[in-house]
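Enquirer: Enclosed is the structure file upload.txt (compact mmCIF, C-alpha atoms).
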```txt
# COMPACT_ATOMS: atom_id res chain seq x y z
CA MET A 1 3.56 26.75 -116.45
CA ALA A 2 2.98 27.33 -112.81
CA ALA A 3 5.86 26.59 -110.50
CA ILE A 4 3.77 26.46 -107.35
CA CYS A 5 1.19 23.68 -107.28
CA SER A 6 -0.51 24.19 -103.97
CA LEU A 7 -0.27 25.90 -100.62
CA TYR A 8 -1.33 24.45 -97.26
CA ILE A 9 -1.56 26.01 -93.84
CA ILE A 10 -2.07 23.67 -90.91
CA ASN A 11 -2.72 24.55 -87.30
CA LYS A 12 -0.69 23.22 -84.40
CA SER A 13 -2.86 20.12 -84.03
CA GLY A 14 -2.56 19.15 -87.67
CA GLY A 15 -5.89 20.41 -88.94
CA LEU A 16 -5.93 22.01 -92.36
CA ILE A 17 -6.96 25.64 -92.02
CA TYR A 18 -6.11 26.89 -95.51
CA TYR A 19 -5.66 25.19 -98.83
CA LYS A 20 -5.14 26.76 -102.21
CA ASP A 21 -4.52 25.06 -105.52
CA TYR A 22 -2.43 26.80 -108.17
CA GLY A 23 -1.63 23.89 -110.46
CA SER A 24 -3.18 23.33 -113.82
CA GLY A 25 -3.29 19.61 -113.12
CA GLY A 26 -6.12 17.76 -111.43
CA ARG A 27 -7.49 19.37 -108.32
CA MET A 28 -7.36 17.49 -105.10
CA ASP A 29 -10.66 17.02 -103.40
CA THR A 30 -11.25 18.27 -99.88
CA ASN A 31 -10.74 14.90 -98.22
CA ASP A 32 -7.43 14.33 -99.95
CA SER A 33 -6.11 17.73 -98.98
CA LEU A 34 -7.12 17.15 -95.35
CA ARG A 35 -5.36 13.80 -95.45
CA VAL A 36 -2.16 15.28 -96.90
CA ALA A 37 -2.22 17.98 -94.24
CA SER A 38 -2.52 15.65 -91.27
CA LEU A 39 -0.08 13.18 -92.80
CA TRP A 40 2.48 15.92 -93.19
CA HIS A 41 1.87 17.07 -89.64
CA SER A 42 2.62 13.57 -88.31
CA MET A 43 5.65 13.04 -90.52
CA HIS A 44 7.01 16.40 -89.50
CA ALA A 45 6.62 15.50 -85.82
CA ILE A 46 8.22 12.08 -86.30
CA SER A 47 11.14 13.55 -88.24
CA GLN A 48 11.90 15.82 -85.29
CA GLN A 49 12.16 12.80 -83.00
CA LEU A 50 14.14 10.66 -85.42
CA SER A 51 16.67 13.27 -86.41
CA PRO A 52 20.22 12.37 -85.44
CA THR A 53 21.06 16.02 -84.81
CA THR A 54 19.88 17.75 -81.69
CA GLY A 55 17.64 20.79 -81.90
CA CYS A 56 16.00 19.70 -85.13
CA TYR A 57 12.80 21.53 -85.98
CA GLY A 58 11.51 19.01 -88.49
CA ILE A 59 11.62 18.62 -92.25
CA GLU A 60 12.11 21.83 -94.17
CA LEU A 61 12.37 20.41 -97.66
CA LEU A 62 11.20 17.16 -99.15
CA GLU A 63 12.54 16.43 -102.62
CA ALA A 64 10.70 13.89 -104.72
CA ASP A 65 10.99 12.97 -108.39
CA THR A 66 7.98 14.97 -109.46
CA PHE A 67 7.69 17.68 -106.83
CA ASP A 68 9.41 19.57 -104.03
CA LEU A 69 7.72 20.27 -100.73
CA HIS A 70 8.94 23.27 -98.76
CA CYS A 71 7.77 23.65 -95.18
CA PHE A 72 8.00 26.52 -92.74
CA GLN A 73 6.94 26.19 -89.12
CA SER A 74 6.19 29.29 -87.11
CA LEU A 75 7.10 29.55 -83.43
CA THR A 76 3.52 28.84 -82.43
CA GLY A 77 3.42 25.58 -84.34
CA THR A 78 1.43 26.72 -87.35
CA LYS A 79 2.93 25.12 -90.45
CA PHE A 80 2.96 26.55 -93.94
CA PHE A 81 3.96 24.37 -96.84
CA VAL A 82 4.00 24.62 -100.58
CA VAL A 83 4.17 21.86 -103.13
CA CYS A 84 6.07 23.05 -106.21
CA GLU A 85 7.94 21.80 -109.24
CA PRO A 86 11.33 20.22 -108.57
CA GLY A 87 14.10 22.75 -108.24
CA THR A 88 11.90 25.83 -107.78
CA GLN A 89 13.93 28.49 -106.04
CA GLN A 90 13.16 31.03 -103.35
CA MET A 91 10.34 29.08 -101.78
CA GLU A 92 11.65 29.78 -98.27
CA SER A 93 11.29 33.50 -98.78
CA LEU A 94 7.85 33.03 -100.30
CA LEU A 95 6.77 31.06 -97.23
CA LYS A 96 8.10 33.84 -94.99
CA VAL A 97 6.09 36.38 -96.95
CA ILE A 98 2.99 34.21 -96.64
CA TYR A 99 3.62 33.94 -92.90
CA GLU A 100 3.80 37.72 -92.77
CA LEU A 101 0.47 37.99 -94.58
CA TYR A 102 -1.00 35.48 -92.15
CA THR A 103 0.10 37.51 -89.13
CA ASP A 104 -1.24 40.70 -90.70
CA TYR A 105 -4.53 39.79 -92.29
CA VAL A 106 -5.56 36.75 -90.28
CA LEU A 107 -4.28 37.24 -86.76
CA LYS A 108 -5.15 40.95 -86.63
CA ASN A 109 -8.66 40.27 -87.86
CA PRO A 110 -11.08 40.32 -84.94
CA PHE A 111 -13.45 37.95 -86.72
CA TYR A 112 -10.92 35.16 -87.10
CA GLU A 113 -11.09 32.39 -84.55
CA MET A 114 -7.74 30.83 -83.72
CA GLU A 115 -7.08 27.36 -85.13
CA MET A 116 -10.14 27.56 -87.35
CA PRO A 117 -10.22 27.59 -91.17
CA ILE A 118 -9.11 30.92 -92.63
CA ARG A 119 -11.82 32.86 -94.38
CA CYS A 120 -10.45 36.36 -94.73
CA GLU A 121 -10.99 38.31 -97.91
CA LEU A 122 -7.93 40.50 -97.42
CA PHE A 123 -5.69 37.50 -96.90
CA ASP A 124 -6.93 35.94 -100.15
CA ILE A 125 -6.42 39.17 -102.10
CA ASN A 126 -2.91 39.79 -100.83
CA LEU A 127 -1.90 36.16 -101.15
CA SER A 128 -2.90 35.96 -104.78
CA GLN A 129 -0.93 39.17 -105.43
CA VAL A 130 2.19 37.72 -103.83
CA VAL A 131 1.93 34.43 -105.71
CA GLN A 132 1.29 36.29 -108.94
CA LYS A 133 4.36 38.43 -108.40
CA ASP A 134 6.40 35.36 -107.58
CA ARG A 135 5.28 33.70 -110.76
CA VAL A 136 6.22 36.73 -112.83
CA VAL A 137 9.68 36.65 -111.26
CA LEU A 138 10.04 32.96 -112.06
CA LEU A 139 8.89 33.37 -115.63
CA GLY A 140 11.17 36.34 -116.14
CA ARG A 141 14.28 34.34 -115.46
CA MET B 1 16.63 77.95 -60.68
CA ILE B 2 19.79 77.23 -62.60
CA GLY B 3 21.37 73.89 -61.91
CA VAL B 4 18.33 72.29 -60.38
CA GLY B 5 17.89 69.88 -63.21
CA LYS B 6 17.72 69.61 -66.92
CA ILE B 7 13.95 69.85 -66.94
CA LYS B 8 12.70 73.37 -66.55
CA GLN B 9 10.57 73.77 -63.48
CA TYR B 10 7.16 75.34 -63.76
CA SER B 11 5.45 76.67 -60.68
CA ASN B 12 2.11 76.25 -62.35
CA VAL B 13 1.31 73.12 -64.29
CA LEU B 14 -0.79 75.15 -66.72
CA ASP B 15 2.25 77.15 -67.79
CA LYS B 16 3.94 74.01 -68.98
CA PRO B 17 3.74 73.66 -72.74
CA LEU B 18 1.71 70.69 -73.92
CA SER B 19 4.05 68.19 -75.44
CA LYS B 20 3.74 67.26 -79.06
CA GLY B 21 3.10 63.75 -77.90
CA LYS B 22 4.52 60.67 -79.43
CA GLN B 23 4.18 61.19 -83.14
CA GLU B 24 3.97 57.56 -84.14
CA VAL B 25 2.90 54.36 -82.47
CA SER B 26 3.24 50.81 -83.72
CA LEU B 27 0.54 49.95 -86.22
CA SER B 28 0.71 46.29 -85.20
CA ALA B 29 0.19 47.12 -81.55
CA PHE B 30 -2.77 49.28 -82.45
CA ALA B 31 -4.21 46.62 -84.77
CA PHE B 32 -4.03 43.95 -82.08
CA LEU B 33 -5.51 46.25 -79.46
CA PHE B 34 -8.33 47.27 -81.76
CA SER B 35 -8.95 43.65 -82.69
CA GLU B 36 -9.28 42.79 -79.01
CA LEU B 37 -11.63 45.73 -78.50
CA VAL B 38 -13.89 44.42 -81.26
CA GLN B 39 -13.68 40.86 -79.96
CA TYR B 40 -14.49 41.90 -76.42
CA ASN B 41 -17.46 43.97 -77.51
CA GLN B 42 -18.65 41.09 -79.64
CA THR B 43 -19.03 38.96 -76.53
CA GLN B 44 -21.15 41.65 -74.89
CA VAL B 45 -23.80 42.04 -77.55
CA ASP B 46 -26.34 39.89 -79.33
CA ASN B 47 -26.74 41.77 -82.59
CA ILE B 48 -24.59 43.65 -85.04
CA ALA B 49 -26.29 47.02 -84.62
CA GLU B 50 -25.47 46.87 -80.93
CA LEU B 51 -21.82 46.05 -81.69
CA GLU B 52 -21.63 49.00 -84.04
CA ARG B 53 -23.10 51.25 -81.38
CA ARG B 54 -20.61 50.08 -78.78
CA LEU B 55 -17.66 50.71 -81.10
CA GLU B 56 -19.06 54.13 -81.83
CA ASP B 57 -19.28 54.88 -78.13
CA ALA B 58 -15.67 53.83 -77.67
CA GLY B 59 -14.73 56.23 -80.47
CA TYR B 60 -16.86 59.01 -78.99
CA ALA B 61 -14.71 59.05 -75.85
CA VAL B 62 -11.59 59.37 -78.02
CA GLY B 63 -13.14 62.16 -80.08
CA ALA B 64 -14.14 64.24 -77.08
CA ARG B 65 -10.58 64.08 -75.73
CA VAL B 66 -8.94 64.69 -79.07
CA LEU B 67 -10.97 67.88 -79.50
CA GLU B 68 -9.80 69.23 -76.14
CA LEU B 69 -6.21 68.33 -76.83
CA LEU B 70 -6.02 69.67 -80.35
CA CYS B 71 -7.83 72.91 -79.61
CA HIS B 72 -5.28 73.55 -76.92
CA ARG B 73 -2.23 72.35 -78.80
CA GLU B 74 -2.85 73.48 -82.34
CA LYS B 75 -5.32 76.32 -82.13
CA GLY B 76 -4.30 78.25 -79.05
CA ASN B 77 -7.38 77.33 -77.04
CA ARG B 78 -9.79 78.38 -79.75
CA ARG B 79 -12.21 76.08 -81.42
CA GLU B 80 -14.06 76.29 -84.69
CA THR B 81 -17.56 77.69 -84.49
CA ARG B 82 -18.55 77.44 -88.13
CA LEU B 83 -19.72 74.31 -89.88
CA LEU B 84 -17.13 74.24 -92.64
CA GLY B 85 -14.40 75.19 -90.21
CA ILE B 86 -15.06 72.29 -87.90
CA LEU B 87 -15.43 69.90 -90.81
CA SER B 88 -12.07 70.81 -92.24
CA PHE B 89 -10.62 70.63 -88.72
CA VAL B 90 -11.83 67.01 -88.52
CA HIS B 91 -10.78 66.23 -92.06
CA SER B 92 -7.25 67.56 -91.73
CA THR B 93 -6.07 68.28 -88.19
CA VAL B 94 -7.80 65.45 -86.37
CA TRP B 95 -7.14 62.92 -89.13
CA LYS B 96 -3.48 63.86 -89.33
CA VAL B 97 -2.92 63.44 -85.61
CA LEU B 98 -4.84 60.16 -85.39
CA PHE B 99 -4.05 58.47 -88.68
CA GLY B 100 -0.91 60.24 -89.86
CA LYS B 101 -2.52 61.67 -92.98
CA VAL B 102 -5.28 63.96 -94.14
CA ALA B 103 -8.52 62.16 -95.03
CA ASP B 104 -8.87 61.36 -98.73
CA SER B 105 -11.91 63.53 -99.34
CA LEU B 106 -14.51 65.71 -97.73
CA GLU B 107 -17.72 66.18 -99.68
CA LYS B 108 -21.15 67.64 -99.25
CA GLY B 109 -24.03 65.23 -99.69
CA THR B 110 -25.85 65.76 -102.96
CA GLU B 111 -29.31 64.78 -101.78
CA HIS B 112 -29.53 66.44 -98.41
CA GLU B 113 -28.32 69.82 -97.24
CA ASP B 114 -27.36 68.54 -93.81
CA GLU B 115 -25.15 65.67 -94.93
CA TYR B 116 -21.38 65.64 -95.33
CA MET B 117 -19.09 62.77 -96.14
CA ILE B 118 -15.49 62.02 -95.26
CA SER B 119 -14.11 59.23 -97.42
CA GLU B 120 -11.04 57.08 -97.01
CA LYS B 121 -9.74 54.63 -99.54
CA GLU B 122 -8.36 52.51 -96.78
CA LEU B 123 -9.33 53.48 -93.27
CA LEU B 124 -6.55 52.68 -90.83
CA VAL B 125 -8.81 50.73 -88.47
CA ASN B 126 -9.99 48.57 -91.37
CA ARG B 127 -6.49 47.89 -92.71
CA PHE B 128 -6.33 44.27 -91.53
CA ILE B 129 -10.02 43.51 -91.08
CA SER B 130 -12.11 41.36 -93.39
CA ILE B 131 -15.79 41.36 -92.55
CA PRO B 132 -17.34 37.87 -92.75
CA LYS B 133 -20.13 37.53 -95.28
CA ASP B 134 -22.75 36.79 -92.64
CA MET B 135 -22.19 40.15 -90.94
CA GLY B 136 -23.61 42.05 -93.90
CA THR B 137 -22.89 45.76 -93.94
CA PHE B 138 -21.13 45.90 -90.60
CA ASN B 139 -18.14 48.24 -90.65
CA CYS B 140 -15.49 48.62 -87.96
CA GLY B 141 -15.16 52.18 -89.20
CA ALA B 142 -17.95 52.77 -86.67
CA PHE B 143 -15.08 53.49 -84.29
CA ALA B 144 -13.81 56.28 -86.52
CA ALA B 145 -17.39 57.51 -86.94
CA GLY B 146 -17.61 57.65 -83.15
CA ILE B 147 -14.44 59.74 -83.01
CA VAL B 148 -15.94 62.20 -85.50
CA ARG B 149 -19.18 62.34 -83.52
CA GLY B 150 -17.19 62.94 -80.33
CA VAL B 151 -15.30 65.86 -81.86
CA LEU B 152 -18.39 67.41 -83.43
CA ASP B 153 -20.53 66.98 -80.34
CA GLY B 154 -17.85 68.46 -78.11
CA ALA B 155 -17.55 71.47 -80.42
CA GLY B 156 -21.32 72.05 -80.31
CA PHE B 157 -22.27 70.46 -83.59
CA PRO B 158 -24.44 67.49 -82.62
CA ALA B 159 -24.70 65.06 -85.49
CA VAL B 160 -25.48 61.46 -86.34
CA VAL B 161 -22.34 59.85 -87.77
CA THR B 162 -22.24 56.48 -89.47
CA ALA B 163 -19.63 54.49 -91.39
CA HIS B 164 -20.41 52.72 -94.66
CA PHE B 165 -18.60 50.68 -97.25
CA VAL B 166 -18.93 52.18 -100.71
CA PRO B 167 -17.82 50.08 -103.68
CA VAL B 168 -15.39 51.84 -106.03
CA GLU B 169 -15.34 51.04 -109.70
CA GLY B 170 -12.25 49.17 -110.79
CA GLN B 171 -11.21 48.49 -107.20
CA GLN B 172 -11.36 45.19 -105.39
CA ARG B 173 -11.93 46.78 -102.02
CA PRO B 174 -14.69 49.23 -101.18
CA ARG B 175 -13.76 52.52 -99.60
CA THR B 176 -15.13 53.64 -96.27
CA THR B 177 -17.34 56.68 -96.17
CA ILE B 178 -18.16 58.39 -92.92
CA LEU B 179 -21.54 60.03 -93.26
CA ILE B 180 -22.24 63.04 -91.06
CA LYS B 181 -25.83 64.17 -90.66
CA PHE B 182 -26.05 67.35 -88.62
CA ALA B 183 -28.88 68.09 -86.24
CA GLU B 184 -31.44 70.66 -87.36
CA GLU B 185 -30.38 73.24 -84.79
CA VAL B 186 -26.85 73.28 -86.20
CA LEU B 187 -28.05 74.22 -89.67
CA ARG B 188 -30.45 76.82 -88.28
CA ARG B 189 -27.65 78.44 -86.32
CA GLU B 190 -25.38 78.29 -89.35
CA ALA B 191 -28.04 80.02 -91.47
CA ARG B 192 -28.45 82.72 -88.85
CA LEU B 193 -24.71 83.37 -88.77
CA GLY B 194 -24.86 83.83 -92.52
```
Give the structure from the file, written as structure tokens.
Expert:
Amino acid sequence: MAAICSLYIINKSGGLIYYKDYGSGGRMDTNDSLRVASLWHSMHAISQQLSPTTGCYGIELLEADTFDLHCFQSLTGTKFFVVCEPGTQQMESLLKVIYELYTDYVLKNPFYEMEMPIRCELFDINLSQVVQKDRVVLLGR
Amino acid sequence: MIGVGKIKQYSNVLDKPLSKGKQEVSLSAFAFLFSELVQYNQTQVDNIAELERRLEDAGYAVGARVLELLCHREKGNRRETRLLGILSFVHSTVWKVLFGKVADSLEKGTEHEDEYMISEKELLVNRFISIPKDMGTFNCGAFAAGIVRGVLDGAGFPAVVTAHFVPVEGQQRPRTTILIKFAEEVLRREARLG
């Protein structure tokens, strides 16, 4: 049973630049994933404005009945979020690791155009390794 | 001149020992700089072969300087004059100074007498680079190939040096092989020297 269902990376204007499905359930089609991405982008921005506390950076965790959504926003406004099973632990650190991979294998790649969809072989390879490792850790507990 | 300063004064700049240099630099800084180099050159060319050539030229300038520096620093102002000597100099000394490790392998080509190959499982310049599918066999290792050509040319071993991806069985990523094809005169001279 996979704990992580899907991973999204969205650029600072809300466009989906990376989407990966890990769930065994039904796959989302491209349009749906784009919609979720831009919806999340807007909700995230609104939550920042609505927050009663000052210096709020937006929603970090959304807990629903059937899933959890963990979000990490980098300083440049790129957002990473994973949809996972309720109560899955250590998603923050996973998102940080994914951010690290993004800075290494995407931003240091001369053939990547900023804000455009990510198509980097090395990023894919390393990402699947990290998610695999994470899954092993989860199963082991 | 005791008490003048902590740094010893040399009347002649040539007497001053050549510093070991900074042993390590940030890999990230290098990766970003190299990425910019590739991106800049990409805007200046209209085909991939031209881009490869430009990267090679950039490497050539590095190679020529590295040869001067290392001959002075490591070999007491002597340079290798024999084919195998200069190849192992590139494979070990040059590689160690530039990439922090000896190259994975140095082999002689099986088909041609004048071909040698230096292989790296993961070339430092390619560490973070994924080549898009539409660029075919393009390899940023052309920069490293240029360095090798610069060293060899400076030492009097003119050669054509190219970088290629070679798939390895059981590995997801291909390794990079730097193919060195020496000019005819080099082999003739080598044969004469015995």
Enquirer: Quick one: which residues from chain A are at most 8 Å off chain B, using all atoms listed in the file, as a list in words?
Expert: Asp104, Tyr105, Val106, Lys108, Asn109, Pro110, Phe111, Arg119, Cys120, Glu121 and Leu122 of chain A
Enquirer: Find, counting only C-alpha atoms, the residue in A:Leu107, A:Leu101, A:Ala64, A:Val136 that gets nearest to Phe123 of chain A.
Expert: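 Among the listed residues, A:Leu101 lies closest to Phe123 of chain A.
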Enquirer: What's the separation between atom CA of Arg35 of chain A and atom CA of Cys71 of chain A, in Å to one decimal place?
Expert: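 We find that atom CA of Arg35 of chain A and atom CA of Cys71 of chain A lie 16.4 Å from each other.
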Enquirer: Show me the residues around (6.0, 23.4, -102.4) - criterion: an atom at most 8 Å away, only C-alpha atoms counted - as a CSV table (one decimal) with C-alpha atoms, in the coordinates of the input.
Expert:
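File produced: result-v9.csv:
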```csv
chain,number,residue,atom,x,y,z
A,4,ILE,CA,3.8,26.5,-107.4
A,5,CYS,CA,1.2,23.7,-107.3
A,6,SER,CA,-0.5,24.2,-104.0
A,7,LEU,CA,-0.3,25.9,-100.6
A,67,PHE,CA,7.7,17.7,-106.8
A,68,ASP,CA,9.4,19.6,-104.0
A,69,LEU,CA,7.7,20.3,-100.7
A,70,HIS,CA,8.9,23.3,-98.8
A,71,CYS,CA,7.8,23.6,-95.2
A,81,PHE,CA,4.0,24.4,-96.8
A,82,VAL,CA,4.0,24.6,-100.6
A,83,VAL,CA,4.2,21.9,-103.1
A,84,CYS,CA,6.1,23.0,-106.2
A,85,GLU,CA,7.9,21.8,-109.2
A,91,MET,CA,10.3,29.1,-101.8
```
Enquirer: For Gly156 of chain B, which residue out of B:Ala61, B:Leu106, B:Val13, B:Leu187 is the nearest one, using all atoms listed in the file?
Expert: B:Leu187
Enquirer: Counting all atoms listed in the file, select every polymer residue within 8 Å of (-23.4, 70.7, -83.1) as defined in the file's coordinates, and provide the selection as an MDAnalysis selection string.
Expert: chainID B and resid 152:159 182:183 185:186
Enquirer: For the selection just defined, write its residues with C-alpha atoms to a file, as a CSV table (one decimal), in the frame of the given file.
Expert:
```csv
chain,number,residue,atom,x,y,z
B,152,LEU,CA,-18.4,67.4,-83.4
B,153,ASP,CA,-20.5,67.0,-80.3
B,154,GLY,CA,-17.8,68.5,-78.1
B,155,ALA,CA,-17.6,71.5,-80.4
B,156,GLY,CA,-21.3,72.0,-80.3
B,157,PHE,CA,-22.3,70.5,-83.6
B,158,PRO,CA,-24.4,67.5,-82.6
B,159,ALA,CA,-24.7,65.1,-85.5
B,182,PHE,CA,-26.0,67.4,-88.6
B,183,ALA,CA,-28.9,68.1,-86.2
B,185,GLU,CA,-30.4,73.2,-84.8
B,186,VAL,CA,-26.8,73.3,-86.2
```
Enquirer: Extract, using all atoms listed in the file, all DNA, RNA and protein residues at most 12 Å from Ala37 of chain A, discarding same-chain residues fewer than 3 positions from it, and format them as an NGL selection string.
Expert: :A and (6-19 or 30-34 or 40-44 or 71 or 78-83)
Enquirer: Compare A:Met28, A:Leu94, A:Leu75, A:Ala45 by their minimum atom-to-atom distance to Ile59 of chain A, counting all atoms listed in the file, and give me the closest one.
Expert: A:Ala45
Enquirer: Please compute the atom CA of Ile98 of chain A-atom CA of Ile46 of chain A distance, one decimal, in Å.
Expert: 25.0 Å
Enquirer: Which distance in Å separates atom CA of Gly63 of chain B and atom CA of Lys108 of chain B, to one decimal?
Expert: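 Pair atom CA of Gly63 of chain B / atom CA of Lys108 of chain B returns 21.5 Å.
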Enquirer: Could you tell me which of B:Ala145, B:Val102, B:Leu87, B:Leu14 comes closest to Leu179 of chain B if we count only C-alpha atoms?
Expert: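 When distances to Leu179 of chain B are compared using only C-alpha atoms, the smallest one comes from B:Ala145.
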Enquirer: So that I can check the surroundings of segment 50-55 of chain B, please list as a ChimeraX atom specification every protein, DNA and RNA residue that reaches within 7 Å of it, counting only C-alpha atoms and ignoring chain neighbours fewer than 3 positions away.
Expert: /B:41-42,45,47,58-59,142-143
Enquirer: Let me make sure I understand: among B:Ala144, B:Val25, B:Ala191, B:Ile118, which one has the smallest atom-to-atom distance to Thr177 of chain B if we use only C-alpha atoms?
Expert: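 Of B:Ala144, B:Val25, B:Ala191, B:Ile118, the one nearest Thr177 of chain B, counting only C-alpha atoms, is B:Ile118.
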Enquirer: Where's the centre, and what are the edge lengths in Å to one decimal, of a box along x, y and z enclosing all listed atoms of segment 54-66 of chain A padded 5 Å per side, as AutoDock Vina command-line options?
Expert:
```
--center_x 13.9 --center_y 17.4 --center_z -95.6 --size_x 21.9 --size_y 18.9 --size_z 37.8
```
Enquirer: With all atoms listed in the file as the atoms that count, which of B:Glu56, B:Leu69, B:Glu74, B:Ile178 lies nearest to Asp104 of chain B?
Expert: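 When distances to Asp104 of chain B are compared using all atoms listed in the file, the smallest one comes from B:Ile178.
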